[in-house]
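*Asks:* Sharing entry18.pdb below, PDB, N, CA and C atoms:
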MODEL        1
ATOM      1  N   MET A   1     -14.856  12.370 -37.190  1.00  0.00           N
ATOM      2  CA  MET A   1     -14.226  11.214 -36.586  1.00  0.00           C
ATOM      3  C   MET A   1     -14.648  11.138 -35.115  1.00  0.00           C
ATOM      4  N   ALA A   2     -15.207  10.038 -34.723  1.00  0.00           N
ATOM      5  CA  ALA A   2     -15.689   9.864 -33.355  1.00  0.00           C
ATOM      6  C   ALA A   2     -14.533   9.534 -32.417  1.00  0.00           C
ATOM      7  N   GLY A   3     -14.685   9.911 -31.158  1.00  0.00           N
ATOM      8  CA  GLY A   3     -13.690   9.574 -30.147  1.00  0.00           C
ATOM      9  C   GLY A   3     -13.840   8.132 -29.698  1.00  0.00           C
ATOM     10  N   SER A   4     -12.874   7.654 -28.949  1.00  0.00           N
ATOM     11  CA  SER A   4     -12.907   6.284 -28.440  1.00  0.00           C
ATOM     12  C   SER A   4     -13.546   6.238 -27.060  1.00  0.00           C
ATOM     13  N   VAL A   5     -14.116   5.090 -26.742  1.00  0.00           N
ATOM     14  CA  VAL A   5     -14.706   4.863 -25.434  1.00  0.00           C
ATOM     15  C   VAL A   5     -14.047   3.630 -24.834  1.00  0.00           C
ATOM     16  N   TYR A   6     -13.714   3.700 -23.556  1.00  0.00           N
ATOM     17  CA  TYR A   6     -13.065   2.586 -22.877  1.00  0.00           C
ATOM     18  C   TYR A   6     -13.890   2.161 -21.673  1.00  0.00           C
ATOM     19  N   LYS A   7     -13.908   0.891 -21.417  1.00  0.00           N
ATOM     20  CA  LYS A   7     -14.611   0.329 -20.265  1.00  0.00           C
ATOM     21  C   LYS A   7     -13.561  -0.085 -19.249  1.00  0.00           C
ATOM     22  N   ILE A   8     -13.875   0.086 -17.969  1.00  0.00           N
ATOM     23  CA  ILE A   8     -12.980  -0.318 -16.889  1.00  0.00           C
ATOM     24  C   ILE A   8     -13.694  -1.360 -16.031  1.00  0.00           C
ATOM     25  N   ILE A   9     -13.001  -2.467 -15.789  1.00  0.00           N
ATOM     26  CA  ILE A   9     -13.534  -3.512 -14.922  1.00  0.00           C
ATOM     27  C   ILE A   9     -12.489  -3.845 -13.856  1.00  0.00           C
ATOM     28  N   GLU A  10     -12.940  -4.423 -12.754  1.00  0.00           N
ATOM     29  CA  GLU A  10     -12.020  -4.882 -11.718  1.00  0.00           C
ATOM     30  C   GLU A  10     -11.926  -6.396 -11.762  1.00  0.00           C
ATOM     31  N   LEU A  11     -10.702  -6.879 -11.720  1.00  0.00           N
ATOM     32  CA  LEU A  11     -10.439  -8.310 -11.738  1.00  0.00           C
ATOM     33  C   LEU A  11      -9.470  -8.639 -10.609  1.00  0.00           C
ATOM     34  N   ILE A  12      -9.582  -9.839 -10.064  1.00  0.00           N
ATOM     35  CA  ILE A  12      -8.687 -10.288  -9.000  1.00  0.00           C
ATOM     36  C   ILE A  12      -7.935 -11.519  -9.492  1.00  0.00           C
ATOM     37  N   GLY A  13      -6.615 -11.470  -9.355  1.00  0.00           N
ATOM     38  CA  GLY A  13      -5.771 -12.597  -9.718  1.00  0.00           C
ATOM     39  C   GLY A  13      -5.075 -13.151  -8.495  1.00  0.00           C
ATOM     40  N   THR A  14      -4.745 -14.428  -8.553  1.00  0.00           N
ATOM     41  CA  THR A  14      -4.062 -15.068  -7.431  1.00  0.00           C
ATOM     42  C   THR A  14      -2.825 -15.805  -7.919  1.00  0.00           C
ATOM     43  N   SER A  15      -1.916 -16.040  -6.979  1.00  0.00           N
ATOM     44  CA  SER A  15      -0.704 -16.799  -7.264  1.00  0.00           C
ATOM     45  C   SER A  15      -0.126 -17.301  -5.949  1.00  0.00           C
ATOM     46  N   THR A  16       0.498 -18.442  -6.003  1.00  0.00           N
ATOM     47  CA  THR A  16       1.224 -18.942  -4.827  1.00  0.00           C
ATOM     48  C   THR A  16       2.667 -18.445  -4.834  1.00  0.00           C
ATOM     49  N   ILE A  17       3.055 -17.699  -5.886  1.00  0.00           N
ATOM     50  CA  ILE A  17       4.448 -17.262  -6.056  1.00  0.00           C
ATOM     51  C   ILE A  17       4.680 -15.814  -5.606  1.00  0.00           C
ATOM     52  N   SER A  18       3.891 -14.868  -6.171  1.00  0.00           N
ATOM     53  CA  SER A  18       4.129 -13.442  -5.878  1.00  0.00           C
ATOM     54  C   SER A  18       2.951 -12.599  -6.344  1.00  0.00           C
ATOM     55  N   TRP A  19       2.955 -11.313  -5.933  1.00  0.00           N
ATOM     56  CA  TRP A  19       1.945 -10.374  -6.416  1.00  0.00           C
ATOM     57  C   TRP A  19       2.136 -10.121  -7.911  1.00  0.00           C
ATOM     58  N   ASP A  20       3.387 -10.023  -8.349  1.00  0.00           N
ATOM     59  CA  ASP A  20       3.652  -9.831  -9.774  1.00  0.00           C
ATOM     60  C   ASP A  20       3.055 -10.966 -10.599  1.00  0.00           C
ATOM     61  N   ASP A  21       3.235 -12.181 -10.134  1.00  0.00           N
ATOM     62  CA  ASP A  21       2.705 -13.340 -10.835  1.00  0.00           C
ATOM     63  C   ASP A  21       1.176 -13.325 -10.833  1.00  0.00           C
ATOM     64  N   ALA A  22       0.580 -12.888  -9.743  1.00  0.00           N
ATOM     65  CA  ALA A  22      -0.879 -12.782  -9.666  1.00  0.00           C
ATOM     66  C   ALA A  22      -1.394 -11.759 -10.684  1.00  0.00           C
ATOM     67  N   ALA A  23      -0.715 -10.618 -10.807  1.00  0.00           N
ATOM     68  CA  ALA A  23      -1.113  -9.596 -11.790  1.00  0.00           C
ATOM     69  C   ALA A  23      -0.941 -10.137 -13.205  1.00  0.00           C
ATOM     70  N   LYS A  24       0.146 -10.838 -13.445  1.00  0.00           N
ATOM     71  CA  LYS A  24       0.387 -11.439 -14.760  1.00  0.00           C
ATOM     72  C   LYS A  24      -0.726 -12.424 -15.110  1.00  0.00           C
ATOM     73  N   ASN A  25      -1.175 -13.202 -14.141  1.00  0.00           N
ATOM     74  CA  ASN A  25      -2.263 -14.154 -14.366  1.00  0.00           C
ATOM     75  C   ASN A  25      -3.551 -13.442 -14.778  1.00  0.00           C
ATOM     76  N   VAL A  26      -3.835 -12.300 -14.152  1.00  0.00           N
ATOM     77  CA  VAL A  26      -5.032 -11.522 -14.512  1.00  0.00           C
ATOM     78  C   VAL A  26      -4.957 -11.080 -15.968  1.00  0.00           C
ATOM     79  N   ILE A  27      -3.832 -10.501 -16.345  1.00  0.00           N
ATOM     80  CA  ILE A  27      -3.691  -9.956 -17.691  1.00  0.00           C
ATOM     81  C   ILE A  27      -3.734 -11.058 -18.738  1.00  0.00           C
ATOM     82  N   GLU A  28      -3.042 -12.155 -18.482  1.00  0.00           N
ATOM     83  CA  GLU A  28      -3.045 -13.256 -19.443  1.00  0.00           C
ATOM     84  C   GLU A  28      -4.451 -13.816 -19.649  1.00  0.00           C
ATOM     85  N   ARG A  29      -5.194 -13.950 -18.573  1.00  0.00           N
ATOM     86  CA  ARG A  29      -6.563 -14.486 -18.672  1.00  0.00           C
ATOM     87  C   ARG A  29      -7.490 -13.486 -19.348  1.00  0.00           C
ATOM     88  N   ALA A  30      -7.413 -12.209 -18.952  1.00  0.00           N
ATOM     89  CA  ALA A  30      -8.274 -11.176 -19.539  1.00  0.00           C
ATOM     90  C   ALA A  30      -8.011 -11.034 -21.036  1.00  0.00           C
ATOM     91  N   ASN A  31      -6.770 -11.181 -21.431  1.00  0.00           N
ATOM     92  CA  ASN A  31      -6.399 -11.033 -22.837  1.00  0.00           C
ATOM     93  C   ASN A  31      -7.023 -12.111 -23.728  1.00  0.00           C
ATOM     94  N   LYS A  32      -7.455 -13.217 -23.126  1.00  0.00           N
ATOM     95  CA  LYS A  32      -8.088 -14.286 -23.898  1.00  0.00           C
ATOM     96  C   LYS A  32      -9.523 -13.946 -24.311  1.00  0.00           C
ATOM     97  N   THR A  33     -10.188 -13.074 -23.553  1.00  0.00           N
ATOM     98  CA  THR A  33     -11.596 -12.786 -23.843  1.00  0.00           C
ATOM     99  C   THR A  33     -11.901 -11.313 -24.098  1.00  0.00           C
ATOM    100  N   LEU A  34     -10.998 -10.428 -23.778  1.00  0.00           N
ATOM    101  CA  LEU A  34     -11.207  -8.996 -23.997  1.00  0.00           C
ATOM    102  C   LEU A  34     -10.271  -8.516 -25.101  1.00  0.00           C
ATOM    103  N   LYS A  35     -10.751  -7.599 -25.926  1.00  0.00           N
ATOM    104  CA  LYS A  35      -9.934  -7.065 -27.004  1.00  0.00           C
ATOM    105  C   LYS A  35      -9.380  -5.700 -26.632  1.00  0.00           C
ATOM    106  N   ASP A  36      -8.184  -5.441 -27.105  1.00  0.00           N
ATOM    107  CA  ASP A  36      -7.577  -4.111 -27.016  1.00  0.00           C
ATOM    108  C   ASP A  36      -7.404  -3.634 -25.567  1.00  0.00           C
ATOM    109  N   LEU A  37      -6.803  -4.485 -24.721  1.00  0.00           N
ATOM    110  CA  LEU A  37      -6.490  -4.067 -23.351  1.00  0.00           C
ATOM    111  C   LEU A  37      -5.568  -2.862 -23.400  1.00  0.00           C
ATOM    112  N   ARG A  38      -5.781  -1.895 -22.523  1.00  0.00           N
ATOM    113  CA  ARG A  38      -5.013  -0.648 -22.554  1.00  0.00           C
ATOM    114  C   ARG A  38      -4.193  -0.398 -21.292  1.00  0.00           C
ATOM    115  N   ILE A  39      -4.863  -0.360 -20.160  1.00  0.00           N
ATOM    116  CA  ILE A  39      -4.215   0.031 -18.905  1.00  0.00           C
ATOM    117  C   ILE A  39      -4.636  -0.936 -17.809  1.00  0.00           C
ATOM    118  N   ALA A  40      -3.696  -1.254 -16.927  1.00  0.00           N
ATOM    119  CA  ALA A  40      -4.025  -2.025 -15.726  1.00  0.00           C
ATOM    120  C   ALA A  40      -3.464  -1.262 -14.529  1.00  0.00           C
ATOM    121  N   GLU A  41      -4.312  -1.046 -13.554  1.00  0.00           N
ATOM    122  CA  GLU A  41      -3.926  -0.303 -12.349  1.00  0.00           C
ATOM    123  C   GLU A  41      -4.122  -1.199 -11.131  1.00  0.00           C
ATOM    124  N   VAL A  42      -3.079  -1.330 -10.319  1.00  0.00           N
ATOM    125  CA  VAL A  42      -3.194  -2.116  -9.096  1.00  0.00           C
ATOM    126  C   VAL A  42      -4.018  -1.314  -8.096  1.00  0.00           C
ATOM    127  N   VAL A  43      -5.132  -1.903  -7.657  1.00  0.00           N
ATOM    128  CA  VAL A  43      -6.021  -1.252  -6.699  1.00  0.00           C
ATOM    129  C   VAL A  43      -5.708  -1.731  -5.283  1.00  0.00           C
ATOM    130  N   ALA A  44      -5.434  -3.021  -5.140  1.00  0.00           N
ATOM    131  CA  ALA A  44      -5.169  -3.588  -3.816  1.00  0.00           C
ATOM    132  C   ALA A  44      -4.340  -4.859  -3.945  1.00  0.00           C
ATOM    133  N   GLN A  45      -3.594  -5.126  -2.896  1.00  0.00           N
ATOM    134  CA  GLN A  45      -2.851  -6.371  -2.781  1.00  0.00           C
ATOM    135  C   GLN A  45      -3.120  -6.924  -1.388  1.00  0.00           C
ATOM    136  N   ASP A  46      -3.312  -8.240  -1.312  1.00  0.00           N
ATOM    137  CA  ASP A  46      -3.435  -8.848   0.009  1.00  0.00           C
ATOM    138  C   ASP A  46      -2.889 -10.263  -0.034  1.00  0.00           C
ATOM    139  N   LEU A  47      -2.847 -10.869   1.122  1.00  0.00           N
ATOM    140  CA  LEU A  47      -2.275 -12.204   1.273  1.00  0.00           C
ATOM    141  C   LEU A  47      -3.250 -13.110   1.998  1.00  0.00           C
ATOM    142  N   LYS A  48      -3.240 -14.370   1.653  1.00  0.00           N
ATOM    143  CA  LYS A  48      -3.958 -15.369   2.426  1.00  0.00           C
ATOM    144  C   LYS A  48      -2.912 -16.076   3.278  1.00  0.00           C
ATOM    145  N   LEU A  49      -3.190 -16.183   4.557  1.00  0.00           N
ATOM    146  CA  LEU A  49      -2.253 -16.793   5.498  1.00  0.00           C
ATOM    147  C   LEU A  49      -2.835 -18.059   6.101  1.00  0.00           C
ATOM    148  N   GLU A  50      -1.982 -19.023   6.318  1.00  0.00           N
ATOM    149  CA  GLU A  50      -2.351 -20.239   7.053  1.00  0.00           C
ATOM    150  C   GLU A  50      -1.195 -20.582   7.986  1.00  0.00           C
ATOM    151  N   ASP A  51      -1.504 -20.734   9.248  1.00  0.00           N
ATOM    152  CA  ASP A  51      -0.483 -21.021  10.261  1.00  0.00           C
ATOM    153  C   ASP A  51       0.654 -20.009  10.232  1.00  0.00           C
ATOM    154  N   GLY A  52       0.308 -18.738   9.970  1.00  0.00           N
ATOM    155  CA  GLY A  52       1.305 -17.672   9.969  1.00  0.00           C
ATOM    156  C   GLY A  52       2.191 -17.645   8.737  1.00  0.00           C
ATOM    157  N   LYS A  53       1.855 -18.424   7.707  1.00  0.00           N
ATOM    158  CA  LYS A  53       2.671 -18.465   6.494  1.00  0.00           C
ATOM    159  C   LYS A  53       1.826 -18.031   5.297  1.00  0.00           C
ATOM    160  N   ILE A  54       2.480 -17.366   4.347  1.00  0.00           N
ATOM    161  CA  ILE A  54       1.799 -16.925   3.129  1.00  0.00           C
ATOM    162  C   ILE A  54       1.505 -18.136   2.258  1.00  0.00           C
ATOM    163  N   VAL A  55       0.230 -18.301   1.909  1.00  0.00           N
ATOM    164  CA  VAL A  55      -0.146 -19.401   1.020  1.00  0.00           C
ATOM    165  C   VAL A  55      -0.717 -18.893  -0.315  1.00  0.00           C
ATOM    166  N   LEU A  56      -1.076 -17.589  -0.375  1.00  0.00           N
ATOM    167  CA  LEU A  56      -1.640 -17.066  -1.607  1.00  0.00           C
ATOM    168  C   LEU A  56      -1.467 -15.545  -1.671  1.00  0.00           C
ATOM    169  N   TYR A  57      -1.016 -15.070  -2.821  1.00  0.00           N
ATOM    170  CA  TYR A  57      -0.928 -13.634  -3.099  1.00  0.00           C
ATOM    171  C   TYR A  57      -2.138 -13.276  -3.951  1.00  0.00           C
ATOM    172  N   ARG A  58      -2.796 -12.155  -3.617  1.00  0.00           N
ATOM    173  CA  ARG A  58      -3.965 -11.704  -4.382  1.00  0.00           C
ATOM    174  C   ARG A  58      -3.759 -10.257  -4.801  1.00  0.00           C
ATOM    175  N   VAL A  59      -4.121  -9.971  -6.055  1.00  0.00           N
ATOM    176  CA  VAL A  59      -4.020  -8.611  -6.585  1.00  0.00           C
ATOM    177  C   VAL A  59      -5.347  -8.244  -7.233  1.00  0.00           C
ATOM    178  N   LYS A  60      -5.867  -7.077  -6.875  1.00  0.00           N
ATOM    179  CA  LYS A  60      -7.064  -6.544  -7.536  1.00  0.00           C
ATOM    180  C   LYS A  60      -6.585  -5.478  -8.518  1.00  0.00           C
ATOM    181  N   LEU A  61      -6.978  -5.634  -9.789  1.00  0.00           N
ATOM    182  CA  LEU A  61      -6.591  -4.693 -10.834  1.00  0.00           C
ATOM    183  C   LEU A  61      -7.817  -4.048 -11.458  1.00  0.00           C
ATOM    184  N   LYS A  62      -7.696  -2.779 -11.809  1.00  0.00           N
ATOM    185  CA  LYS A  62      -8.647  -2.129 -12.704  1.00  0.00           C
ATOM    186  C   LYS A  62      -8.033  -2.262 -14.085  1.00  0.00           C
ATOM    187  N   VAL A  63      -8.774  -2.861 -15.005  1.00  0.00           N
ATOM    188  CA  VAL A  63      -8.282  -3.094 -16.355  1.00  0.00           C
ATOM    189  C   VAL A  63      -9.183  -2.348 -17.334  1.00  0.00           C
ATOM    190  N   SER A  64      -8.571  -1.601 -18.248  1.00  0.00           N
ATOM    191  CA  SER A  64      -9.382  -0.895 -19.248  1.00  0.00           C
ATOM    192  C   SER A  64      -9.152  -1.510 -20.621  1.00  0.00           C
ATOM    193  N   PHE A  65     -10.224  -1.482 -21.406  1.00  0.00           N
ATOM    194  CA  PHE A  65     -10.161  -1.984 -22.771  1.00  0.00           C
ATOM    195  C   PHE A  65     -11.108  -1.166 -23.635  1.00  0.00           C
ATOM    196  N   LYS A  66     -10.818  -1.159 -24.914  1.00  0.00           N
ATOM    197  CA  LYS A  66     -11.620  -0.358 -25.834  1.00  0.00           C
ATOM    198  C   LYS A  66     -13.009  -0.959 -25.956  1.00  0.00           C
ATOM    199  N   PHE A  67     -14.023  -0.114 -25.809  1.00  0.00           N
ATOM    200  CA  PHE A  67     -15.411  -0.527 -25.912  1.00  0.00           C
ATOM    201  C   PHE A  67     -15.799  -0.500 -27.388  1.00  0.00           C
ATOM    202  N   ILE A  68     -16.182  -1.669 -27.897  1.00  0.00           N
ATOM    203  CA  ILE A  68     -16.553  -1.776 -29.308  1.00  0.00           C
ATOM    204  C   ILE A  68     -18.059  -1.946 -29.390  1.00  0.00           C
ATOM    205  N   ASP A  69     -18.664  -1.081 -30.134  1.00  0.00           N
ATOM    206  CA  ASP A  69     -20.124  -1.057 -30.288  1.00  0.00           C
ATOM    207  C   ASP A  69     -20.470  -1.540 -31.697  1.00  0.00           C
ATOM    208  N   ASP A  70     -21.466  -2.381 -31.798  1.00  0.00           N
ATOM    209  CA  ASP A  70     -21.889  -2.892 -33.102  1.00  0.00           C
ATOM    210  C   ASP A  70     -22.869  -1.949 -33.810  1.00  0.00           C
ATOM    211  N   VAL A  71     -23.042  -0.761 -33.292  1.00  0.00           N
ATOM    212  CA  VAL A  71     -24.006   0.180 -33.859  1.00  0.00           C
ATOM    213  C   VAL A  71     -23.437   0.808 -35.111  1.00  0.00           C
TER     214      VAL A  71
ENDMDL
END
Render the structure in this file as structure tokens.
*Replies:*
Amino acid sequence: MAGSVYKIIELIGTSTISWDDAAKNVIERANKTLKDLRIAEVVAQDLKLEDGKIVLYRVKLKVSFKFIDDV
């Protein structure tokens, strides 16, 4: 029985509401095109500011998913 292999990619999500919402946006979008998502790790969070006010929350996530080989 062979072991499993997982791939890790970095994705950035945004939201005008919160960092949590930005992370949720990443996962929801990734789930549409990637199979078998496993782990998401927050790598960084930052904010976009305009006139001293928060206008955008950004979250960078490392997302892992099972690597499927057609071999």
*Asks:* Measuring atom to atom with only C-alpha atoms, identify which of A:Gly3, A:Ile9, A:Val59, A:Lys48 is nearest to A:Leu34.
*Replies:*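 Closest candidate: A:Ile9.
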*Asks:* Quick one: DSSP strand (DSSP E or B) residues in chain A, as a compact mmCIF listing (two decimals) with N, CA and C atoms, in the coordinates of the input?
*Replies:*
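File produced: states.txt:
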# COMPACT_ATOMS: atom_id res chain seq x y z
N TYR A 6 -13.71 3.70 -23.56
CA TYR A 6 -13.06 2.59 -22.88
C TYR A 6 -13.89 2.16 -21.67
N LYS A 7 -13.91 0.89 -21.42
CA LYS A 7 -14.61 0.33 -20.26
C LYS A 7 -13.56 -0.08 -19.25
N ILE A 8 -13.88 0.09 -17.97
CA ILE A 8 -12.98 -0.32 -16.89
C ILE A 8 -13.69 -1.36 -16.03
N ILE A 9 -13.00 -2.47 -15.79
CA ILE A 9 -13.53 -3.51 -14.92
C ILE A 9 -12.49 -3.84 -13.86
N GLU A 10 -12.94 -4.42 -12.75
CA GLU A 10 -12.02 -4.88 -11.72
C GLU A 10 -11.93 -6.40 -11.76
N LEU A 11 -10.70 -6.88 -11.72
CA LEU A 11 -10.44 -8.31 -11.74
C LEU A 11 -9.47 -8.64 -10.61
N ILE A 12 -9.58 -9.84 -10.06
CA ILE A 12 -8.69 -10.29 -9.00
C ILE A 12 -7.94 -11.52 -9.49
N GLY A 13 -6.62 -11.47 -9.36
CA GLY A 13 -5.77 -12.60 -9.72
C GLY A 13 -5.08 -13.15 -8.49
N THR A 14 -4.74 -14.43 -8.55
CA THR A 14 -4.06 -15.07 -7.43
C THR A 14 -2.82 -15.80 -7.92
N SER A 15 -1.92 -16.04 -6.98
CA SER A 15 -0.70 -16.80 -7.26
C SER A 15 -0.13 -17.30 -5.95
N LEU A 37 -6.80 -4.49 -24.72
CA LEU A 37 -6.49 -4.07 -23.35
C LEU A 37 -5.57 -2.86 -23.40
N ARG A 38 -5.78 -1.90 -22.52
CA ARG A 38 -5.01 -0.65 -22.55
C ARG A 38 -4.19 -0.40 -21.29
N ILE A 39 -4.86 -0.36 -20.16
CA ILE A 39 -4.22 0.03 -18.90
C ILE A 39 -4.64 -0.94 -17.81
N ALA A 40 -3.70 -1.25 -16.93
CA ALA A 40 -4.03 -2.02 -15.73
C ALA A 40 -3.46 -1.26 -14.53
N GLU A 41 -4.31 -1.05 -13.55
CA GLU A 41 -3.93 -0.30 -12.35
C GLU A 41 -4.12 -1.20 -11.13
N VAL A 42 -3.08 -1.33 -10.32
CA VAL A 42 -3.19 -2.12 -9.10
C VAL A 42 -4.02 -1.31 -8.10
N VAL A 43 -5.13 -1.90 -7.66
CA VAL A 43 -6.02 -1.25 -6.70
C VAL A 43 -5.71 -1.73 -5.28
N ALA A 44 -5.43 -3.02 -5.14
CA ALA A 44 -5.17 -3.59 -3.82
C ALA A 44 -4.34 -4.86 -3.94
N GLN A 45 -3.59 -5.13 -2.90
CA GLN A 45 -2.85 -6.37 -2.78
C GLN A 45 -3.12 -6.92 -1.39
N ASP A 46 -3.31 -8.24 -1.31
CA ASP A 46 -3.44 -8.85 0.01
C ASP A 46 -2.89 -10.26 -0.03
N LEU A 47 -2.85 -10.87 1.12
CA LEU A 47 -2.28 -12.20 1.27
C LEU A 47 -3.25 -13.11 2.00
N LYS A 48 -3.24 -14.37 1.65
CA LYS A 48 -3.96 -15.37 2.43
C LYS A 48 -2.91 -16.08 3.28
N LEU A 49 -3.19 -16.18 4.56
CA LEU A 49 -2.25 -16.79 5.50
C LEU A 49 -2.84 -18.06 6.10
N GLU A 50 -1.98 -19.02 6.32
CA GLU A 50 -2.35 -20.24 7.05
C GLU A 50 -1.20 -20.58 7.99
N LYS A 53 1.86 -18.42 7.71
CA LYS A 53 2.67 -18.46 6.49
C LYS A 53 1.83 -18.03 5.30
N ILE A 54 2.48 -17.37 4.35
CA ILE A 54 1.80 -16.92 3.13
C ILE A 54 1.50 -18.14 2.26
N VAL A 55 0.23 -18.30 1.91
CA VAL A 55 -0.15 -19.40 1.02
C VAL A 55 -0.72 -18.89 -0.32
N LEU A 56 -1.08 -17.59 -0.38
CA LEU A 56 -1.64 -17.07 -1.61
C LEU A 56 -1.47 -15.54 -1.67
N TYR A 57 -1.02 -15.07 -2.82
CA TYR A 57 -0.93 -13.63 -3.10
C TYR A 57 -2.14 -13.28 -3.95
N ARG A 58 -2.80 -12.16 -3.62
CA ARG A 58 -3.96 -11.70 -4.38
C ARG A 58 -3.76 -10.26 -4.80
N VAL A 59 -4.12 -9.97 -6.06
CA VAL A 59 -4.02 -8.61 -6.58
C VAL A 59 -5.35 -8.24 -7.23
N LYS A 60 -5.87 -7.08 -6.88
CA LYS A 60 -7.06 -6.54 -7.54
C LYS A 60 -6.58 -5.48 -8.52
N LEU A 61 -6.98 -5.63 -9.79
CA LEU A 61 -6.59 -4.69 -10.83
C LEU A 61 -7.82 -4.05 -11.46
N LYS A 62 -7.70 -2.78 -11.81
CA LYS A 62 -8.65 -2.13 -12.70
C LYS A 62 -8.03 -2.26 -14.08
N VAL A 63 -8.77 -2.86 -15.00
CA VAL A 63 -8.28 -3.09 -16.36
C VAL A 63 -9.18 -2.35 -17.33
N SER A 64 -8.57 -1.60 -18.25
CA SER A 64 -9.38 -0.90 -19.25
C SER A 64 -9.15 -1.51 -20.62
N PHE A 65 -10.22 -1.48 -21.41
CA PHE A 65 -10.16 -1.98 -22.77
C PHE A 65 -11.11 -1.17 -23.64
N LYS A 66 -10.82 -1.16 -24.91
CA LYS A 66 -11.62 -0.36 -25.83
C LYS A 66 -13.01 -0.96 -25.96
*Asks:* Can you sort out the box for stretch 3-13 of chain A, edges along x, y and z, all listed atoms in, 8 Å on every side, with centre and edge lengths in Å to one decimal, as lines of an AutoDock Vina configuration file?
*Replies:*
center_x = -9.9
center_y = -1.6
center_z = -19.8
size_x = 25.6
size_y = 39.1
size_z = 38.7
*Asks:* Check the smallest atom-to-atom distance from each of A:Gly52, A:Tyr57, A:Ile68, A:Val43 to A:Asp21 using only N, CA and C atoms, then report the winner.
*Replies:*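 Selected residue with least distance to A:Asp21: A:Tyr57.
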*Asks:* Using DSSP on the backbone coordinates, identify all residues within chain A classified as alpha helix (DSSP H); present the result as a PyMOL selection string.
*Replies:* chain A and resi 19-33
*Asks:* What is the distance, in Å and to one decimal place, between atom CA of A:Leu56 and atom CA of A:Glu28?
*Replies:* 18.3 Å
*Asks:* For atom N of A:Lys7 and atom C of A:Val63, determine how far apart the two atoms are, in Å to one decimal place.
*Replies:*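 Those two atoms sit 7.0 Å apart.
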*Asks:* Just want the 6 Å neighbourhood of A:Trp19, counted on only N, CA and C atoms, with same-chain residues fewer than 3 positions away dropped. Output as a list in words.
*Replies:*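 So, after excluding close chain neighbours, the residues are Ala22, Ala23, Lys24, Tyr57 and Arg58 of chain A.
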*Asks:* Please evaluate the PyMOL selection byres ((chain A and resi 35) around 6) against the displayed coordinates and give the resulting residues as a list of chain:residue names.
*Replies:* A:Thr33, A:Leu34, A:Asp36, A:Leu37, A:Phe65, A:Lys66
*Asks:* Could you work out how far atom CA of A:Leu47 lies from atom CA of A:Arg29, giving the answer in Å with one decimal?
*Replies:*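 One can read the atom CA of A:Arg29 to atom CA of A:Leu47 distance as 20.5 Å.
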*Asks:* Using only C-alpha atoms, pick whichever of A:Lys62, A:Val5, A:Ile54, A:Ile12 has the shortest atom-to-atom distance to A:Val26.
*Replies:*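 Among A:Lys62, A:Val5, A:Ile54, A:Ile12, it is A:Ile12 that comes nearest to A:Val26.
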